[in-house]
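> target15.cif is reproduced in full below (mmCIF, C-alpha atoms).
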data_protein
#
loop_
_atom_site.label_atom_id
_atom_site.label_comp_id
_atom_site.auth_asym_id
_atom_site.auth_seq_id
_atom_site.Cartn_x
_atom_site.Cartn_y
_atom_site.Cartn_z
CA MET I 1 20.44 -69.79 -12.51
CA VAL I 2 21.73 -66.92 -10.35
CA GLU I 3 20.00 -63.63 -10.91
CA ALA I 4 22.27 -60.62 -11.29
CA THR I 5 21.91 -57.92 -8.65
CA ILE I 6 21.45 -54.51 -10.16
CA VAL I 7 23.02 -51.76 -8.07
CA PRO I 8 21.45 -48.40 -8.90
CA ASP I 9 23.79 -45.59 -9.81
CA TRP I 10 22.29 -42.92 -7.56
CA ILE I 11 24.50 -40.21 -8.90
CA GLU I 12 22.70 -40.52 -12.24
CA LEU I 13 19.46 -39.23 -10.70
CA PRO I 14 18.10 -36.15 -12.47
CA LYS I 15 19.45 -32.91 -11.05
CA HIS I 16 16.04 -31.66 -9.88
CA LEU I 17 15.73 -34.75 -7.64
CA TRP I 18 19.16 -34.12 -6.13
CA ASP I 19 18.12 -30.52 -5.49
CA LEU I 20 15.11 -31.80 -3.54
CA ILE I 21 17.31 -34.16 -1.52
CA LEU I 22 19.80 -31.42 -0.69
CA GLU I 23 16.98 -29.19 0.55
CA LYS I 24 16.27 -31.78 3.26
CA LEU I 25 19.71 -31.42 4.83
CA GLU I 26 19.28 -30.36 8.45
CA SER I 27 22.74 -29.18 9.48
CA PRO I 28 26.05 -27.92 8.10
CA SER I 29 27.69 -31.23 9.07
CA ASP I 30 25.19 -33.11 6.85
CA TYR I 31 25.99 -30.69 4.06
CA LEU I 32 29.75 -31.17 4.45
CA GLN I 33 29.56 -34.96 4.76
CA PHE I 34 27.55 -35.20 1.56
CA SER I 35 30.02 -32.99 -0.30
CA VAL I 36 32.98 -35.35 0.37
CA VAL I 37 31.29 -38.55 -0.86
CA CYS I 38 32.58 -38.10 -4.42
CA ARG I 39 33.43 -35.46 -6.99
CA SER I 40 29.87 -35.40 -8.33
CA CYS I 41 28.45 -34.84 -4.82
CA TYR I 42 30.89 -32.00 -4.31
CA SER I 43 29.74 -30.39 -7.56
CA LEU I 44 26.10 -30.76 -6.55
CA THR I 45 26.63 -29.12 -3.17
CA LYS I 46 28.69 -26.33 -4.70
CA ASP I 47 25.94 -25.66 -7.24
CA ASN I 48 23.38 -25.46 -4.42
CA GLN I 49 25.54 -23.53 -1.95
CA ASN I 50 23.99 -20.12 -2.58
CA LYS I 51 20.47 -21.48 -2.27
CA LEU I 52 21.16 -23.55 0.85
CA GLY I 53 23.67 -21.28 2.56
CA LYS I 54 21.27 -18.97 4.35
CA LYS I 55 18.95 -21.79 5.37
CA LEU I 56 21.83 -23.76 6.90
CA GLU I 57 23.18 -20.69 8.71
CA LEU I 58 19.79 -19.94 10.24
CA ARG I 59 19.40 -23.51 11.47
CA GLN I 60 22.62 -23.43 13.47
CA VAL I 61 22.96 -23.01 17.19
CA PRO I 62 25.13 -19.95 17.85
CA ILE I 63 28.51 -20.16 19.47
CA LEU I 64 29.49 -17.95 22.40
CA LEU I 65 32.58 -15.82 21.85
CA ILE I 66 34.63 -15.45 25.05
CA PRO I 67 37.56 -12.99 25.23
CA ILE I 68 40.98 -14.10 26.38
CA GLU I 69 43.85 -11.99 27.64
CA LYS I 70 45.45 -11.61 24.22
CA GLU I 71 44.12 -8.71 22.19
CA HIS I 72 41.82 -9.42 19.26
CA ILE I 73 41.54 -13.16 20.01
CA TRP I 74 38.34 -14.84 21.22
CA ARG I 75 37.75 -18.36 22.47
CA ILE I 76 34.73 -20.31 21.30
CA TYR I 77 32.35 -21.83 23.82
CA ASN I 78 29.87 -24.54 22.84
CA VAL I 79 26.88 -24.19 25.19
CA MET I 80 25.41 -27.50 23.97
CA LYS I 81 28.44 -29.35 25.36
CA ASN I 82 29.37 -26.78 28.04
CA SER I 83 32.96 -26.74 26.91
CA PHE I 84 35.45 -24.67 24.94
CA LEU I 85 36.41 -25.69 21.41
CA GLU I 86 40.03 -26.04 20.38
CA LYS I 87 39.48 -23.19 17.97
CA TYR I 88 39.72 -19.43 18.19
CA MET I 89 38.55 -16.39 16.28
CA TRP I 90 40.63 -13.35 15.49
CA VAL I 91 38.96 -9.96 15.00
CA PRO I 92 41.05 -6.76 15.13
CA HIS I 93 38.93 -5.15 17.82
CA ASP I 94 39.76 -5.17 21.51
CA LYS I 95 36.55 -3.71 22.95
CA ARG I 96 32.87 -4.53 23.09
CA PHE I 97 31.26 -5.49 19.78
CA SER I 98 28.38 -3.28 18.69
CA GLY I 99 26.13 -6.20 17.95
CA SER I 100 26.05 -9.52 16.13
CA SER I 101 23.62 -10.49 13.38
CA GLU I 102 23.54 -13.13 10.62
CA GLY I 103 27.08 -14.22 11.49
CA TRP I 104 28.49 -10.66 11.29
CA LEU I 105 30.21 -8.82 14.14
CA VAL I 106 29.85 -5.03 14.20
CA THR I 107 32.44 -2.46 15.29
CA VAL I 108 32.54 1.36 15.43
CA GLU I 109 35.85 2.96 14.44
CA VAL I 110 37.50 6.13 15.78
CA ASP I 111 35.94 8.26 13.02
CA TYR I 112 32.51 6.62 13.58
CA THR I 113 32.66 4.63 10.39
CA VAL I 114 31.26 1.12 10.86
CA LYS I 115 32.81 -2.23 9.99
CA LEU I 116 31.16 -5.60 9.65
CA TYR I 117 33.36 -8.65 10.20
CA LYS I 118 32.46 -12.21 9.29
CA PRO I 119 35.26 -14.01 11.14
CA ASN I 120 36.81 -17.36 10.32
CA PHE I 121 38.17 -19.89 12.75
CA MET I 122 41.79 -20.11 13.80
CA ASN I 123 43.26 -23.56 14.37
CA SER I 124 45.48 -24.60 17.28
CA GLU I 125 48.49 -23.18 15.43
CA ARG I 126 46.68 -19.81 15.37
CA LYS I 127 46.43 -19.76 11.59
CA SER I 128 43.28 -18.24 10.14
CA LYS I 129 41.72 -17.45 6.82
CA SER I 130 41.11 -13.77 6.24
CA ASN I 131 37.93 -12.33 7.73
CA ARG I 132 35.33 -10.98 5.36
CA ILE I 133 34.92 -7.25 5.96
CA VAL I 134 32.23 -4.81 4.83
CA HIS I 135 33.11 -1.12 5.26
CA LEU I 136 30.17 1.18 5.96
CA PRO I 137 30.19 5.00 6.00
CA ARG I 138 30.33 7.25 9.03
CA LEU I 139 27.33 6.96 11.30
CA PHE I 140 25.81 10.07 12.88
CA PRO I 141 28.33 11.04 15.60
CA PRO I 142 27.28 11.69 19.21
CA ALA I 143 25.86 15.09 20.13
CA TRP I 144 28.80 15.81 22.41
CA PRO I 145 32.44 15.64 21.22
CA LEU I 146 34.51 12.68 22.36
CA GLU I 147 38.24 12.33 22.61
CA ALA I 148 39.77 10.09 19.96
CA ASP I 149 40.82 7.57 22.60
CA ASP I 150 37.44 7.44 24.34
CA ILE I 151 36.91 3.90 23.09
CA GLU I 152 34.57 2.87 25.90
CA TRP I 153 31.88 5.35 24.85
CA ARG I 154 32.55 4.82 21.17
CA GLY I 155 31.99 1.11 21.69
CA ILE I 156 28.42 1.69 22.86
CA HIS I 157 27.55 4.32 20.24
CA ILE I 158 25.85 1.38 18.51
CA LEU I 159 24.19 -0.94 21.00
CA SER I 160 22.82 -3.55 18.62
CA THR I 161 22.56 -4.32 14.93
CA THR I 162 20.05 -6.19 12.76
CA ILE I 163 21.11 -7.43 9.33
CA VAL I 164 18.96 -8.81 6.53
CA GLU I 165 20.66 -11.30 4.19
CA ALA I 166 23.70 -13.06 5.59
CA ASP I 167 25.70 -13.02 2.36
CA PRO I 168 25.82 -9.72 0.43
CA THR I 169 27.33 -11.47 -2.57
CA ARG I 170 24.30 -13.72 -2.84
CA ASN I 171 21.60 -11.04 -2.93
CA PRO I 172 23.29 -7.62 -2.67
CA ASP I 173 20.05 -5.67 -3.12
CA ASP I 174 18.58 -7.40 -0.06
CA PHE I 175 21.52 -6.59 2.21
CA VAL I 176 20.26 -4.10 4.84
CA VAL I 177 21.86 -3.01 8.13
CA VAL I 178 19.74 -1.41 10.90
CA VAL I 179 21.32 -0.10 14.11
CA ARG I 180 20.20 1.26 17.49
CA TYR I 181 22.60 4.11 18.09
CA GLY I 182 23.41 7.19 20.13
CA GLU I 183 22.52 8.44 23.57
CA PHE I 184 18.78 7.98 22.98
CA LEU I 185 19.03 4.69 21.04
CA GLN I 186 17.43 5.88 17.84
CA LEU I 187 17.24 3.86 14.63
CA ALA I 188 19.20 4.25 11.39
CA PHE I 189 19.67 1.98 8.39
CA ILE I 190 21.76 1.63 5.28
CA ARG I 191 21.49 -0.53 2.15
CA PRO I 192 25.22 -0.77 1.33
CA PHE I 193 24.71 -1.50 -2.36
CA LYS I 194 22.17 1.32 -2.79
CA ASP I 195 22.91 4.05 -0.22
CA THR I 196 26.02 6.16 0.31
CA THR I 197 24.98 7.44 3.77
CA TRP I 198 23.04 6.22 6.78
CA ILE I 199 19.34 7.10 6.88
CA HIS I 200 17.74 8.11 10.17
CA VAL I 201 14.35 6.52 10.96
CA ASP I 202 12.36 9.58 12.01
CA VAL I 203 9.38 8.46 14.09
CA GLY I 204 8.32 12.01 14.95
CA GLU I 205 9.24 11.81 18.62
CA ARG I 206 12.18 10.78 20.78
CA ILE I 207 11.80 7.04 21.42
CA THR I 208 14.47 4.91 23.07
CA PHE I 209 14.37 1.61 21.20
CA ALA I 210 15.16 -1.70 22.85
CA ASP I 211 15.25 -4.01 19.81
CA VAL I 212 14.45 -4.33 16.12
CA VAL I 213 13.73 -7.40 13.96
CA TYR I 214 12.96 -8.13 10.31
CA TYR I 215 9.64 -9.95 9.93
CA LYS I 216 7.40 -10.50 6.90
CA ASN I 217 9.19 -7.95 4.71
CA LYS I 218 9.08 -5.18 7.32
CA PHE I 219 11.14 -4.06 10.28
CA TYR I 220 9.49 -4.05 13.70
CA ALA I 221 11.00 -2.08 16.58
CA ILE I 222 10.06 -2.02 20.26
CA ASN I 223 10.94 0.63 22.83
CA TYR I 224 11.67 0.09 26.51
CA LEU I 225 8.04 0.87 27.41
CA GLY I 226 6.58 -1.68 25.02
CA LYS I 227 5.54 0.56 22.12
CA ILE I 228 5.99 -1.24 18.79
CA ILE I 229 6.30 0.37 15.36
CA SER I 230 6.89 -1.02 11.88
CA PHE I 231 8.70 0.51 8.92
CA ASP I 232 9.68 -0.44 5.39
CA VAL I 233 13.06 0.49 3.87
CA THR I 234 12.13 -0.33 0.26
CA ASN I 235 11.69 3.37 -0.47
CA SER I 236 14.06 5.48 1.63
CA SER I 237 11.95 8.62 1.08
CA ASN I 238 8.81 6.96 2.45
CA LEU I 239 9.41 4.47 5.26
CA ASN I 240 5.68 3.93 5.85
CA ILE I 241 6.11 4.08 9.65
CA LYS I 242 3.11 2.65 11.51
CA LEU I 243 2.22 2.34 15.19
CA ILE I 244 1.46 -1.31 15.98
CA THR I 245 0.92 -1.24 19.76
CA SER I 246 1.00 1.52 22.37
CA GLU I 247 3.14 1.51 25.49
CA ARG I 248 2.50 -1.37 27.84
CA SER I 249 2.96 -1.21 31.60
CA SER I 250 4.40 -4.21 33.43
CA THR I 251 4.33 -4.34 37.22
CA GLY I 252 7.81 -4.49 38.65
CA PHE I 253 9.43 -4.53 35.22
CA TYR I 254 13.09 -3.66 35.12
CA GLY I 255 15.12 -5.01 32.26
CA ARG I 256 14.82 -5.20 28.50
CA ARG I 257 12.43 -6.34 25.81
CA TYR I 258 13.45 -8.35 22.75
CA LEU I 259 11.73 -9.17 19.45
CA VAL I 260 12.23 -12.65 17.99
CA LYS I 261 11.00 -14.32 14.82
CA SER I 262 10.14 -17.86 15.90
CA GLN I 263 10.59 -21.08 13.94
CA GLU I 264 6.79 -21.13 13.59
CA HIS I 265 7.00 -17.74 11.83
CA GLU I 266 5.41 -15.90 14.73
CA LEU I 267 6.67 -12.63 16.17
CA LEU I 268 7.59 -13.10 19.84
CA ILE I 269 8.23 -10.53 22.55
CA VAL I 270 10.53 -11.54 25.39
CA GLU I 271 10.59 -9.56 28.64
CA ARG I 272 13.71 -9.93 30.78
CA TYR I 273 13.19 -9.03 34.44
CA SER I 274 16.39 -8.19 36.29
CA GLN I 275 17.54 -6.92 39.65
CA ARG I 276 20.76 -5.58 41.09
CA ASP I 277 22.36 -6.75 44.29
CA ASP I 278 22.50 -3.73 46.63
CA THR I 279 25.78 -4.89 48.09
CA SER I 280 27.71 -5.68 44.91
CA VAL I 281 25.79 -3.98 42.07
CA ASP I 282 25.93 -7.26 40.12
CA ARG I 283 22.97 -7.70 37.78
CA LYS I 284 20.89 -10.88 37.88
CA VAL I 285 17.93 -12.23 35.93
CA LEU I 286 14.78 -12.84 37.96
CA GLN I 287 12.56 -14.27 35.23
CA PHE I 288 11.53 -14.09 31.59
CA LYS I 289 8.02 -13.57 30.25
CA LEU I 290 7.00 -14.54 26.75
CA PHE I 291 4.32 -13.06 24.46
CA LYS I 292 3.11 -13.51 20.90
CA LEU I 293 2.26 -10.40 18.92
CA ASP I 294 -1.16 -10.60 17.30
CA LEU I 295 -0.83 -8.16 14.41
CA ASP I 296 -4.50 -8.43 13.40
CA GLN I 297 -5.71 -7.34 16.84
CA ALA I 298 -2.61 -5.29 17.69
CA LYS I 299 -2.14 -6.88 21.09
CA TRP I 300 0.25 -9.00 23.11
CA ILE I 301 -0.82 -12.54 24.03
CA GLU I 302 1.10 -14.11 26.91
CA THR I 303 2.29 -17.66 26.37
CA LYS I 304 3.89 -19.98 28.90
CA SER I 305 5.83 -22.25 26.58
CA LEU I 306 8.18 -22.24 23.62
CA GLY I 307 7.57 -25.94 23.03
CA ASN I 308 10.31 -27.46 20.88
CA THR I 309 12.01 -24.09 20.44
CA THR I 310 15.07 -22.51 22.06
CA LEU I 311 16.00 -18.81 22.05
CA PHE I 312 19.40 -17.12 22.28
CA ILE I 313 19.36 -13.46 23.36
CA GLY I 314 21.87 -10.78 24.32
CA ASP I 315 23.67 -8.09 22.34
CA ASN I 316 23.01 -10.18 19.23
CA SER I 317 19.94 -10.25 17.03
CA ALA I 318 17.82 -12.81 18.86
CA ILE I 319 18.08 -16.34 17.46
CA SER I 320 15.42 -19.07 17.44
CA VAL I 321 16.19 -22.75 16.72
CA ILE I 322 14.29 -26.05 16.80
CA SER I 323 15.58 -27.70 19.99
CA SER I 324 15.35 -31.35 18.88
CA ASN I 325 17.67 -30.71 15.92
CA PHE I 326 20.65 -30.30 18.25
CA ASP I 327 22.02 -32.70 20.87
CA GLY I 328 22.21 -30.99 24.25
CA CYS I 329 19.95 -28.08 23.28
CA GLN I 330 17.43 -27.52 26.07
CA PRO I 331 13.87 -27.13 24.74
CA ASN I 332 11.50 -24.45 26.01
CA SER I 333 14.51 -22.49 27.23
CA ILE I 334 16.22 -19.14 26.78
CA TYR I 335 20.02 -18.95 26.65
CA PHE I 336 21.07 -15.42 27.62
CA THR I 337 24.15 -13.24 28.00
CA HIS I 338 24.83 -10.04 29.91
CA ASP I 339 23.85 -7.49 27.28
CA GLU I 340 24.73 -3.81 27.52
CA ASP I 341 22.66 -1.45 29.67
CA THR I 342 23.23 2.01 31.13
CA ALA I 343 24.75 0.85 34.41
CA GLU I 344 28.31 -0.22 35.04
CA TYR I 345 29.20 -3.85 35.64
CA GLY I 346 29.45 -5.04 39.23
CA PRO I 347 32.63 -6.55 40.70
CA HIS I 348 32.02 -9.87 38.92
CA GLY I 349 31.84 -8.30 35.46
CA PRO I 350 29.20 -9.31 32.87
CA CYS I 351 28.02 -12.20 35.04
CA ASP I 352 24.30 -12.15 34.11
CA LEU I 353 24.43 -15.10 31.72
CA GLY I 354 22.99 -18.60 31.75
CA VAL I 355 20.00 -20.72 30.73
CA TYR I 356 16.40 -20.07 31.81
CA ASN I 357 13.79 -22.84 31.57
CA LEU I 358 10.20 -21.70 31.08
CA ASP I 359 8.75 -24.92 32.55
CA SER I 360 10.54 -24.74 35.89
CA GLN I 361 11.09 -20.95 35.77
CA GLY I 362 14.56 -21.71 37.03
CA TYR I 363 17.99 -21.04 35.61
CA VAL I 364 21.53 -22.33 35.52
CA TRP I 365 24.18 -19.61 35.84
CA HIS I 366 27.38 -18.96 33.91
CA TYR I 367 27.24 -22.19 31.84
CA ASN I 368 30.48 -23.94 32.84
CA ILE I 369 32.61 -20.80 32.92
CA GLU I 370 34.39 -19.86 36.14
CA LEU I 371 33.11 -16.65 37.75
CA ASP I 372 36.63 -15.27 38.14
CA VAL I 373 37.11 -15.67 34.37
CA ILE I 374 33.89 -13.74 33.72
CA GLY I 375 35.14 -11.00 36.04
CA THR I 376 37.98 -10.23 33.61
CA MET I 377 35.60 -9.53 30.71
CA ASN I 378 34.53 -5.97 31.58
CA GLY I 379 35.74 -4.46 28.31
CA ARG I 380 34.71 -7.37 26.08
CA PRO I 381 31.59 -9.21 27.29
CA PRO I 382 30.66 -12.54 25.64
CA ILE I 383 28.43 -12.40 22.57
CA TRP I 384 26.47 -14.94 20.50
CA LEU I 385 27.52 -15.49 16.88
CA ILE I 386 26.11 -17.73 14.16
CA PRO I 387 29.23 -19.66 13.12
CA PRO I 388 30.51 -20.19 9.56
CA ILE I 389 29.02 -23.15 7.73
CA THR I 390 32.39 -24.89 8.01
CA TYR I 391 31.76 -25.10 11.79
#
Represent the structure from my file as structure tokens, please.

Amino acid sequence: MVEATIVPDWIELPKHLWDLILEKLESPSDYLQFSVVCRSCYSLTKDNQNKLGKKLELRQVPILLIPIEKEHIWRIYNVMKNSFLEKYMWVPHDKRFSGSSEGWLVTVEVDYTVKLYKPNFMNSERKSKSNRIVHLPRLFPPAWPLEADDIEWRGIHILSTTIVEADPTRNPDDFVVVVRYGEFLQLAFIRPFKDTTWIHVDVGERITFADVVYYKNKFYAINYLGKIISFDVTNSSNLNIKLITSERSSTGFYGRRYLVKSQEHELLIVERYSQRDDTSVDRKVLQFKLFKLDLDQAKWIETKSLGNTTLFIGDNSAISVISSNFDGCQPNSIYFTHDEDTAEYGPHGPCDLGVYNLDSQGYVWHYNIELDVIGTMNGRPPIWLIPPITY
């Protein structure tokens, strides 16, 4: 007698078990592949999209946007494969972006209003879905008047942006935008669904901030001399500003400091040491140093390794990913771009970009991008961007 084989109908599993399975998805491609199995799988993924969306976005390796000669169009470079994709992005902005965070690109308009763009891909026929745009009110203008066409200075009125909550439709009350702005790189923030104007973060003295990050329900900001403060935007009339560490001297330090929330939920400080070639004025990384911030003891602890972690830094909010989740992602390494500073570019443009390995303390320059191509990017340097989930 032949026994009948019973094939389980997996789709009949209780919904709470499917929710647990979907939470284990490691990449957007897993998410998309599951959604096309059948109509029921599509419904399950759609039901879980809001819950999984942010987690999937944060687990992605960023793409590198590279300008081309045509206005408003950017090529997409995959640093894991060291090659350009056959896709483009269109953003109606032909100068430097004022930061990138949570998949949003930031621009400053002629009247100093601010726009956030979440761009979509264009295909080879140059067709694109509409970008998502968030309009923000006028930021505090510079102390000195600028001509309406002085787009170079307007482009650096905001030097970087940090955003909390990638999708304002998902949790609008949690959507917060913090910027470093103006001649002295002060801090301001806005909660677009609560505030009608930008709010200046008054720390009681003039501090030039180098970076800001959201960590454990507070914002932490570091200045160029290593002083770190924290503040809380829950109550705009009381930001609860606290000094975390005093200024820190570093022998021979010339460069920038970054704050990064690691995959191990630690707060990291990255020091970028740079030099300029006396003959060409081109900027070049010498080394990176890495520290963990001990909040209990209010001190920096130097560490020599990122382990199975990779960082991406530049004009974007710094990004941390688990290296082994992505083919071609170099562990214990820092991928960097030529972020904005006070000096002009040298003859080779924003050429200070590449990969730095903490084990060997060596680097590979320019990825696989020709130096003469980089030299044409003076007005629009490359920038990291977390891609759409459909990537």
> Evaluating the PyMOL selection byres ((chain I and resi 321) around 8) on the displayed file yields which residues, as a ChimeraX atom specification?
/I:58-61,262-263,309-311,319-320,322-323
> What is the distance between CA of Ser236 in chain I and CA of Val201 in chain I, in Å to one decimal?
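Spanning CA of Ser236 in chain I to CA of Val201 in chain I is a straight-line distance of 9.4 Å.
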> Taking only C-alpha atoms into account, which of I:Glu302, I:Val37, I:Ile76, I:Arg283 comes nearest Asn120 in chain I?
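Distance minimum relative to Asn120 in chain I lands on I:Ile76.
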> So how far away is CA of Pro382 in chain I from CA of Glu165 in chain I, in Å?
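So the two atoms, CA of Glu165 in chain I and CA of Pro382 in chain I, lie 23.7 Å apart.
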> Quick one: distance from CA of Asp167 in chain I to CA of Leu295 in chain I in Å, one decimal?
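Value for the CA of Asp167 in chain I-CA of Leu295 in chain I distance: 29.5 Å.
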> Determine the nearest neighbour of Leu385 in chain I from the options I:Lys118, I:Arg206, I:Lys299, I:Lys284, counting only C-alpha atoms.
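That would be I:Lys118, the residue with the smallest distance to Leu385 in chain I.
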> From the options I:Leu267, I:Gln186, I:Leu105, I:Tyr214, which residue's atoms come nearest to Asp202 in chain I, counting all atoms listed in the file?
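Among the listed residues, the smallest separation from Asp202 in chain I belongs to I:Gln186.
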> Starting from the PyMOL selection byres ((chain I and resi 136) around 10), expand the selection into actual residues of this file and give them as a list in words.
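Output from the PyMOL selection byres ((chain I and resi 136) around 10), applied to this file: Val108, Tyr112, Thr113, Val114, Lys115, Leu116, Ile133, Val134, His135, Pro137, Arg138, Leu139, Val177, Ile190, Arg191, Pro192, Asp195, Thr196, Thr197 and Trp198 of chain I.
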> Given the file above and the PyMOL selection byres ((chain I and resi 274) around 6), which residues are selected, and can you give them as a list in words?
Tyr254, Gly255, Tyr273, Gln275, Lys284, Val285 and Leu286 of chain I
> Can you work out which one of I:Tyr88, I:Tyr367, I:Tyr356, I:Phe219 has the shortest atom-to-atom distance to Ala188 in chain I, counting only C-alpha atoms?
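So, comparing all the options, the nearest one is I:Phe219.
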> For each of I:Ile222, I:Cys351, I:Ile66, I:Val176, take the minimum atom-to-atom distance to Arg257 in chain I, counting only C-alpha atoms, then give the residue where this is smallest.
I:Ile222
> Between I:Lys242, I:Arg170, I:Arg180, I:Arg256, which residue has the minimum interatomic distance to Val203 in chain I, considering all atoms listed in the file?
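Closest candidate: I:Lys242.
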> As AutoDock Vina command-line options, please: the centre and edge lengths in Å, to one decimal, of an axis-aligned box enclosing every listed atom of range 322-334 of chain I with 3 Å added on each side.

--center_x 16.9 --center_y -25.9 --center_z 21.6 --size_x 16.7 --size_y 19.6 --size_z 17.3
